[in-house]
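K.L.:
Sharing coords-v5.pdb below, PDB, C-alpha atoms, pLDDT in the B column:
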```
MODEL        1
ATOM      1  CA  MET A   1     -94.597-120.455   0.131  1.00 50.00           C
ATOM      2  CA  LEU A   2     -95.792-120.698   3.742  1.00 56.00           C
ATOM      3  CA  VAL A   3     -92.246-121.270   5.090  1.00 56.00           C
ATOM      4  CA  GLY A   4     -90.943-118.234   3.180  1.00 65.00           C
ATOM      5  CA  THR A   5     -93.558-115.982   4.784  1.00 72.00           C
ATOM      6  CA  TYR A   6     -92.769-117.188   8.300  1.00 76.00           C
ATOM      7  CA  GLY A   7     -89.047-116.963   7.578  1.00 79.00           C
ATOM      8  CA  ASP A   8     -89.399-113.325   6.546  1.00 82.00           C
ATOM      9  CA  TRP A   9     -91.371-112.538   9.699  1.00 84.00           C
ATOM     10  CA  PHE A  10     -88.813-114.344  11.845  1.00 87.00           C
ATOM     11  CA  ILE A  11     -85.922-112.368  10.322  1.00 88.00           C
ATOM     12  CA  MET A  12     -87.825-109.099  10.798  1.00 89.00           C
ATOM     13  CA  LEU A  13     -88.568-110.030  14.432  1.00 91.00           C
ATOM     14  CA  VAL A  14     -84.905-110.837  15.137  1.00 92.00           C
ATOM     15  CA  ALA A  15     -83.800-107.587  13.477  1.00 93.00           C
ATOM     16  CA  ALA A  16     -86.355-105.597  15.503  1.00 94.00           C
ATOM     17  CA  CYS A  17     -85.206-107.258  18.748  1.00 95.00           C
ATOM     18  CA  LEU A  18     -81.558-106.452  17.975  1.00 95.00           C
ATOM     19  CA  PHE A  19     -82.483-102.836  17.179  1.00 95.00           C
ATOM     20  CA  VAL A  20     -84.456-102.453  20.427  1.00 94.00           C
ATOM     21  CA  PHE A  21     -81.591-104.018  22.406  1.00 94.00           C
ATOM     22  CA  TRP A  22     -79.071-101.662  20.750  1.00 95.00           C
ATOM     23  CA  MET A  23     -81.252 -98.609  21.485  1.00 94.00           C
ATOM     24  CA  PHE A  24     -81.657 -99.726  25.103  1.00 92.00           C
ATOM     25  CA  ARG A  25     -77.871-100.066  25.495  1.00 92.00           C
ATOM     26  CA  LEU A  26     -77.292 -96.583  24.045  1.00 90.00           C
ATOM     27  CA  PHE A  27     -79.910 -95.090  26.358  1.00 88.00           C
ATOM     28  CA  HIS A  28     -78.523 -96.962  29.386  1.00 85.00           C
ATOM     29  CA  ARG A  29     -74.963 -95.806  28.656  1.00 83.00           C
ATOM     30  CA  TRP A  30     -76.122 -92.204  28.186  1.00 78.00           C
ATOM     31  CA  LEU A  31     -78.173 -92.354  31.388  1.00 80.00           C
ATOM     32  CA  HIS A  32     -75.317 -93.644  33.556  1.00 76.00           C
ATOM     33  CA  GLU A  33     -72.499 -91.581  32.048  1.00 68.00           C
ATOM     34  CA  PRO A  34     -71.293 -88.705  34.243  1.00 61.00           C
ATOM     35  CA  ALA A  35     -72.457 -85.331  32.982  1.00 58.00           C
ATOM     36  CA  SER A  36     -68.965 -83.910  32.539  1.00 52.00           C
ATOM     37  CA  VAL A  37     -67.364 -86.807  30.654  1.00 48.00           C
ATOM     38  CA  ASN A  38     -67.745 -85.287  27.209  1.00 48.00           C
ATOM     39  CA  ARG A  39     -67.366 -81.697  28.329  1.00 51.00           C
ATOM     40  CA  LEU A  40     -63.633 -81.235  27.960  1.00 58.00           C
ATOM     41  CA  LYS A  41     -62.242 -81.346  24.458  1.00 62.00           C
ATOM     42  CA  LEU A  42     -58.557 -80.624  24.074  1.00 66.00           C
ATOM     43  CA  GLY A  43     -57.439 -78.622  21.084  1.00 61.00           C
ATOM     44  CA  LYS A  44     -54.044 -78.778  19.451  1.00 70.00           C
ATOM     45  CA  GLY A  45     -52.225 -77.534  22.517  1.00 71.00           C
ATOM     46  CA  GLY A  46     -48.983 -75.593  22.611  1.00 76.00           C
ATOM     47  CA  VAL A  47     -46.132 -75.781  20.154  1.00 76.00           C
ATOM     48  CA  LEU A  48     -43.776 -78.734  20.604  1.00 79.00           C
ATOM     49  CA  ALA A  49     -40.145 -77.660  20.936  1.00 79.00           C
ATOM     50  CA  ALA A  50     -37.688 -79.802  18.977  1.00 76.00           C
ATOM     51  CA  ASP A  51     -35.041 -79.594  21.716  1.00 82.00           C
ATOM     52  CA  ASP A  52     -37.348 -80.445  24.652  1.00 85.00           C
ATOM     53  CA  GLU A  53     -35.679 -83.191  26.692  1.00 91.00           C
ATOM     54  CA  ASN A  54     -39.047 -84.472  27.988  1.00 90.00           C
ATOM     55  CA  ILE A  55     -40.264 -85.047  24.433  1.00 89.00           C
ATOM     56  CA  ARG A  56     -36.992 -86.761  23.480  1.00 90.00           C
ATOM     57  CA  LEU A  57     -37.255 -89.062  26.506  1.00 90.00           C
ATOM     58  CA  LEU A  58     -40.865 -89.975  25.643  1.00 90.00           C
ATOM     59  CA  GLU A  59     -39.974 -90.648  22.009  1.00 90.00           C
ATOM     60  CA  GLN A  60     -37.004 -92.809  23.012  1.00 90.00           C
ATOM     61  CA  ALA A  61     -39.415 -94.877  25.121  1.00 91.00           C
ATOM     62  CA  GLY A  62     -41.707 -95.379  22.111  1.00 92.00           C
ATOM     63  CA  TYR A  63     -44.344 -92.732  22.792  1.00 91.00           C
ATOM     64  CA  GLU A  64     -45.515 -90.269  20.171  1.00 89.00           C
ATOM     65  CA  VAL A  65     -46.136 -86.814  21.613  1.00 88.00           C
ATOM     66  CA  SER A  66     -49.263 -85.584  19.864  1.00 85.00           C
ATOM     67  CA  SER A  67     -49.721 -82.157  21.444  1.00 84.00           C
ATOM     68  CA  GLY A  68     -48.047 -79.650  23.711  1.00 85.00           C
ATOM     69  CA  LYS A  69     -49.154 -77.740  26.789  1.00 88.00           C
ATOM     70  CA  HIS A  70     -52.884 -77.361  27.418  1.00 87.00           C
ATOM     71  CA  LEU A  71     -54.422 -74.836  29.768  1.00 86.00           C
ATOM     72  CA  VAL A  72     -57.733 -75.890  31.321  1.00 85.00           C
ATOM     73  CA  PRO A  73     -59.485 -72.898  32.913  1.00 86.00           C
ATOM     74  CA  ILE A  74     -61.575 -73.660  36.003  1.00 87.00           C
ATOM     75  CA  PRO A  75     -64.032 -70.951  37.030  1.00 90.00           C
ATOM     76  CA  ILE A  76     -64.787 -71.180  40.756  1.00 91.00           C
ATOM     77  CA  LYS A  77     -67.711 -69.717  42.658  1.00 91.00           C
ATOM     78  CA  LEU A  78     -67.932 -69.358  46.417  1.00 91.00           C
ATOM     79  CA  ASP A  79     -71.490 -68.801  47.667  1.00 92.00           C
ATOM     80  CA  ASP A  80     -72.538 -68.020  44.083  1.00 90.00           C
ATOM     81  CA  VAL A  81     -69.892 -65.294  43.777  1.00 91.00           C
ATOM     82  CA  PRO A  82     -66.950 -65.743  41.377  1.00 89.00           C
ATOM     83  CA  LEU A  83     -63.769 -66.391  43.314  1.00 89.00           C
ATOM     84  CA  GLY A  84     -61.290 -64.103  41.593  1.00 87.00           C
ATOM     85  CA  LYS A  85     -60.370 -65.278  38.128  1.00 88.00           C
ATOM     86  CA  GLY A  86     -60.780 -68.904  39.154  1.00 86.00           C
ATOM     87  CA  SER A  87     -57.994 -71.379  38.696  1.00 90.00           C
ATOM     88  CA  ARG A  88     -56.416 -73.445  35.952  1.00 89.00           C
ATOM     89  CA  LEU A  89     -54.850 -76.827  35.352  1.00 89.00           C
ATOM     90  CA  TYR A  90     -51.938 -77.427  33.033  1.00 90.00           C
ATOM     91  CA  ILE A  91     -51.450 -80.571  31.009  1.00 90.00           C
ATOM     92  CA  ASP A  92     -47.863 -80.651  29.767  1.00 90.00           C
ATOM     93  CA  TYR A  93     -48.296 -83.044  26.833  1.00 90.00           C
ATOM     94  CA  ILE A  94     -50.550 -85.681  25.370  1.00 89.00           C
ATOM     95  CA  ALA A  95     -48.704 -88.831  24.302  1.00 90.00           C
ATOM     96  CA  VAL A  96     -49.838 -91.908  22.397  1.00 90.00           C
ATOM     97  CA  MET A  97     -48.475 -95.452  22.355  1.00 90.00           C
ATOM     98  CA  ASP A  98     -50.169 -98.541  20.904  1.00 91.00           C
ATOM     99  CA  ASN A  99     -53.461 -96.663  20.358  1.00 88.00           C
ATOM    100  CA  SER A 100     -53.516 -95.666  24.030  1.00 89.00           C
ATOM    101  CA  THR A 101     -53.544 -91.988  24.962  1.00 89.00           C
ATOM    102  CA  TYR A 102     -51.787 -90.657  28.051  1.00 92.00           C
ATOM    103  CA  ILE A 103     -51.731 -87.344  29.863  1.00 92.00           C
ATOM    104  CA  VAL A 104     -48.151 -86.242  30.509  1.00 93.00           C
ATOM    105  CA  LYS A 105     -47.036 -84.295  33.562  1.00 93.00           C
ATOM    106  CA  THR A 106     -43.397 -83.324  33.965  1.00 92.00           C
ATOM    107  CA  ALA A 107     -41.309 -83.121  37.126  1.00 90.00           C
ATOM    108  CA  ARG A 108     -40.849 -79.676  38.630  1.00 89.00           C
ATOM    109  CA  ASP A 109     -38.085 -78.717  41.056  1.00 87.00           C
ATOM    110  CA  ARG A 110     -40.408 -76.515  43.076  1.00 90.00           C
ATOM    111  CA  MET A 111     -43.063 -79.253  43.359  1.00 87.00           C
ATOM    112  CA  PRO A 112     -41.404 -82.575  44.225  1.00 88.00           C
ATOM    113  CA  MET A 113     -43.565 -85.662  43.823  1.00 89.00           C
ATOM    114  CA  ASP A 114     -44.616 -87.594  46.911  1.00 89.00           C
ATOM    115  CA  TRP A 115     -44.575 -91.230  45.722  1.00 91.00           C
ATOM    116  CA  THR A 116     -47.079 -92.491  48.267  1.00 93.00           C
ATOM    117  CA  ALA A 117     -50.589 -93.598  47.326  1.00 92.00           C
ATOM    118  CA  SER A 118     -52.138 -90.468  48.801  1.00 93.00           C
ATOM    119  CA  GLY A 119     -49.458 -88.208  47.294  1.00 92.00           C
ATOM    120  CA  VAL A 120     -49.985 -89.614  43.797  1.00 92.00           C
ATOM    121  CA  ARG A 121     -53.753 -89.416  44.251  1.00 92.00           C
ATOM    122  CA  ASP A 122     -53.673 -85.801  45.424  1.00 91.00           C
ATOM    123  CA  ARG A 123     -51.396 -84.682  42.616  1.00 92.00           C
ATOM    124  CA  LEU A 124     -52.475 -86.730  39.577  1.00 92.00           C
ATOM    125  CA  LEU A 125     -55.980 -88.179  40.038  1.00 92.00           C
ATOM    126  CA  VAL A 126     -57.605 -84.941  38.875  1.00 91.00           C
ATOM    127  CA  TYR A 127     -56.065 -85.384  35.398  1.00 90.00           C
ATOM    128  CA  SER A 128     -57.345 -88.927  35.089  1.00 89.00           C
ATOM    129  CA  LEU A 129     -60.831 -87.798  36.106  1.00 87.00           C
ATOM    130  CA  LEU A 130     -60.677 -84.809  33.766  1.00 86.00           C
ATOM    131  CA  LEU A 131     -59.966 -86.996  30.726  1.00 85.00           C
ATOM    132  CA  PRO A 132     -61.397 -90.459  31.482  1.00 83.00           C
ATOM    133  CA  GLU A 133     -60.824 -91.625  27.901  1.00 83.00           C
ATOM    134  CA  CYS A 134     -57.062 -91.566  28.538  1.00 87.00           C
ATOM    135  CA  GLU A 135     -55.356 -94.723  29.753  1.00 90.00           C
ATOM    136  CA  GLY A 136     -53.480 -92.954  32.514  1.00 92.00           C
ATOM    137  CA  VAL A 137     -50.917 -90.329  33.414  1.00 94.00           C
ATOM    138  CA  LEU A 138     -47.236 -90.401  32.500  1.00 95.00           C
ATOM    139  CA  PHE A 139     -44.953 -88.634  34.962  1.00 94.00           C
ATOM    140  CA  VAL A 140     -41.733 -87.657  33.184  1.00 93.00           C
ATOM    141  CA  ASP A 141     -38.552 -86.659  34.972  1.00 92.00           C
ATOM    142  CA  ALA A 142     -36.051 -85.801  32.229  1.00 88.00           C
ATOM    143  CA  ARG A 143     -33.268 -85.048  34.694  1.00 90.00           C
ATOM    144  CA  GLU A 144     -33.501 -88.547  36.221  1.00 90.00           C
ATOM    145  CA  LYS A 145     -34.398 -90.109  32.823  1.00 92.00           C
ATOM    146  CA  ILE A 146     -37.531 -91.712  34.319  1.00 93.00           C
ATOM    147  CA  ILE A 147     -41.019 -92.196  32.902  1.00 93.00           C
ATOM    148  CA  ARG A 148     -43.612 -93.496  35.322  1.00 94.00           C
ATOM    149  CA  LYS A 149     -47.034 -94.683  34.159  1.00 95.00           C
ATOM    150  CA  ILE A 150     -49.821 -94.113  36.681  1.00 94.00           C
ATOM    151  CA  THR A 151     -53.264 -95.622  36.262  1.00 93.00           C
ATOM    152  CA  PHE A 152     -56.199 -95.236  38.595  1.00 91.00           C
ATOM    153  CA  HIS A 153     -58.810 -97.984  38.948  1.00 88.00           C
ATOM    154  CA  ILE A 154     -61.933 -96.551  40.510  1.00 81.00           C
ATOM    155  CA  SER A 155     -64.535 -99.219  41.163  1.00 74.00           C
ATOM    156  CA  ASP A 156     -68.253 -98.583  41.519  1.00 60.00           C
TER     157      ASP A 156
ENDMDL
END
```
As structure tokens, what does this structure read like?

P.N.:
Amino acid sequence: MLVGTYGDWFIMLVAACLFVFWMFRLFHRWLHEPASVNRLKLGKGGVLAADDENIRLLEQAGYEVSSGKHLVPIPIKLDDVPLGKGSRLYIDYIAVMDNSTYIVKTARDRMPMDWTASGVRDRLLVYSLLLPECEGVLFVDAREKIIRKITFHISD
């Protein structure tokens, strides 16, 4: 009977230690997570057009386009005064492949892509920072039939 009593206490002690460790990990993660990480939640997005060549190209490559265009409003203040109506960012599509989610930006004639490290950073890093749960950014050029996957690795 004595071993059973100590065994029960030992199991309760191990369970309590695991619970305290789990709570500490949750608190630590919450404490070190950037404030804006969970702020942006994308809705359904725009309607997907059946004849969109960008969507066809993504689907041919094995991606599933889960939502259309998203508008992300960005209010801006300058010296505590609203700067006009602010600005906005557009996300063309959200695509999924192998349980990985990607932000999709499409090529524009009036905004050619500079394929240097600083050019890619200046143009696409903001999307990766805006939605850190995504694996990266897909840059789709339907005219050239090219899909480029861009990932950013920011170390502490």

K.L.:
Can I get the residues of segment 125-146 of chain A within 12 Å of segment 113-118 of chain A, each with the closest pair of atoms and their distance in Å to one decimal, using all atoms listed in the file, sorted chain first then ascending number, as CSV?

P.N.:
```
residue,atom,partner,partner_atom,distance
A:Leu125,CA,A:Ser118,CA,9.8
A:Phe139,CA,A:Met113,CA,9.4
A:Val140,CA,A:Met113,CA,11.0
A:Asp141,CA,A:Met113,CA,10.2
```

K.L.:
Would you export the selected residues with C-alpha atoms as a PDB file, keeping the file's coordinate frame, please?

P.N.:
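Heads up, here's the output in selection_9.pdb:
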```pdb
ATOM      1  CA  LEU A 125     -55.980 -88.179  40.038  1.00 92.00           C
ATOM      2  CA  PHE A 139     -44.953 -88.634  34.962  1.00 94.00           C
ATOM      3  CA  VAL A 140     -41.733 -87.657  33.184  1.00 93.00           C
ATOM      4  CA  ASP A 141     -38.552 -86.659  34.972  1.00 92.00           C
TER       5      ASP A 141
END
```

K.L.:
From the list A:Met97, A:Met12, A:Val81, A:Val47, which residue is nearest Gln60 of chain A when using all atoms listed in the file?

P.N.:
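Of A:Met97, A:Met12, A:Val81, A:Val47, the one nearest Gln60 of chain A, counting all atoms listed in the file, is A:Met97.
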
K.L.:
What is the atom CA of Tyr127 of chain A-atom CA of Asp80 of chain A distance in Å, reported with one decimal?

P.N.:
25.5 Å

K.L.:
Applied to the shown file, which residues does the PyMOL selection byres ((chain A and resi 124) around 10) return, written as an NGL selection string?

P.N.:
:A and (103 or 105 or 113 or 118-123 or 125-129 or 136-139 or 150-152)

K.L.:
Step by step: start from the point (-34.2, -85.5, 38.7) in the file's coordinates, keep every protein, DNA or RNA residue that has an atom no farther than 10 Å from it, count all atoms listed in the file, and write the set as a PyMOL selection string.

P.N.:
chain A and resi 107-109+112+140-146

K.L.:
Would you kindly return, as number ranges by chain, each protein, DNA or RNA residue with an atom no farther than 10 Å from any atom of Tyr90 of chain A, considering only C-alpha atoms and excluding same-chain residues fewer than 2 positions away?

P.N.:
A: 69-73, 88, 92-93, 104-105, 127

K.L.:
Around all the atoms of segment 42-54 of chain A listed in the file, draw an axis-aligned box and extend it by 5 Å on each of the six sides; I want its centre and edge lengths in Å to one decimal, as JSON.

P.N.:
```
{"center_x": -46.8, "center_y": -80.0, "center_z": 23.5, "size_x": 33.5, "size_y": 18.9, "size_z": 19.0}
```

K.L.:
Between atom CA of Trp30 of chain A and atom CA of Tyr102 of chain A, what is the distance, to one decimal in Å?

P.N.:
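Going from atom CA of Trp30 of chain A over to atom CA of Tyr102 of chain A, I get 24.4 Å.
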
K.L.:
Quick one: distance from atom CA of Pro75 of chain A to atom CA of Arg110 of chain A in Å, one decimal?

P.N.:
25.0 Å
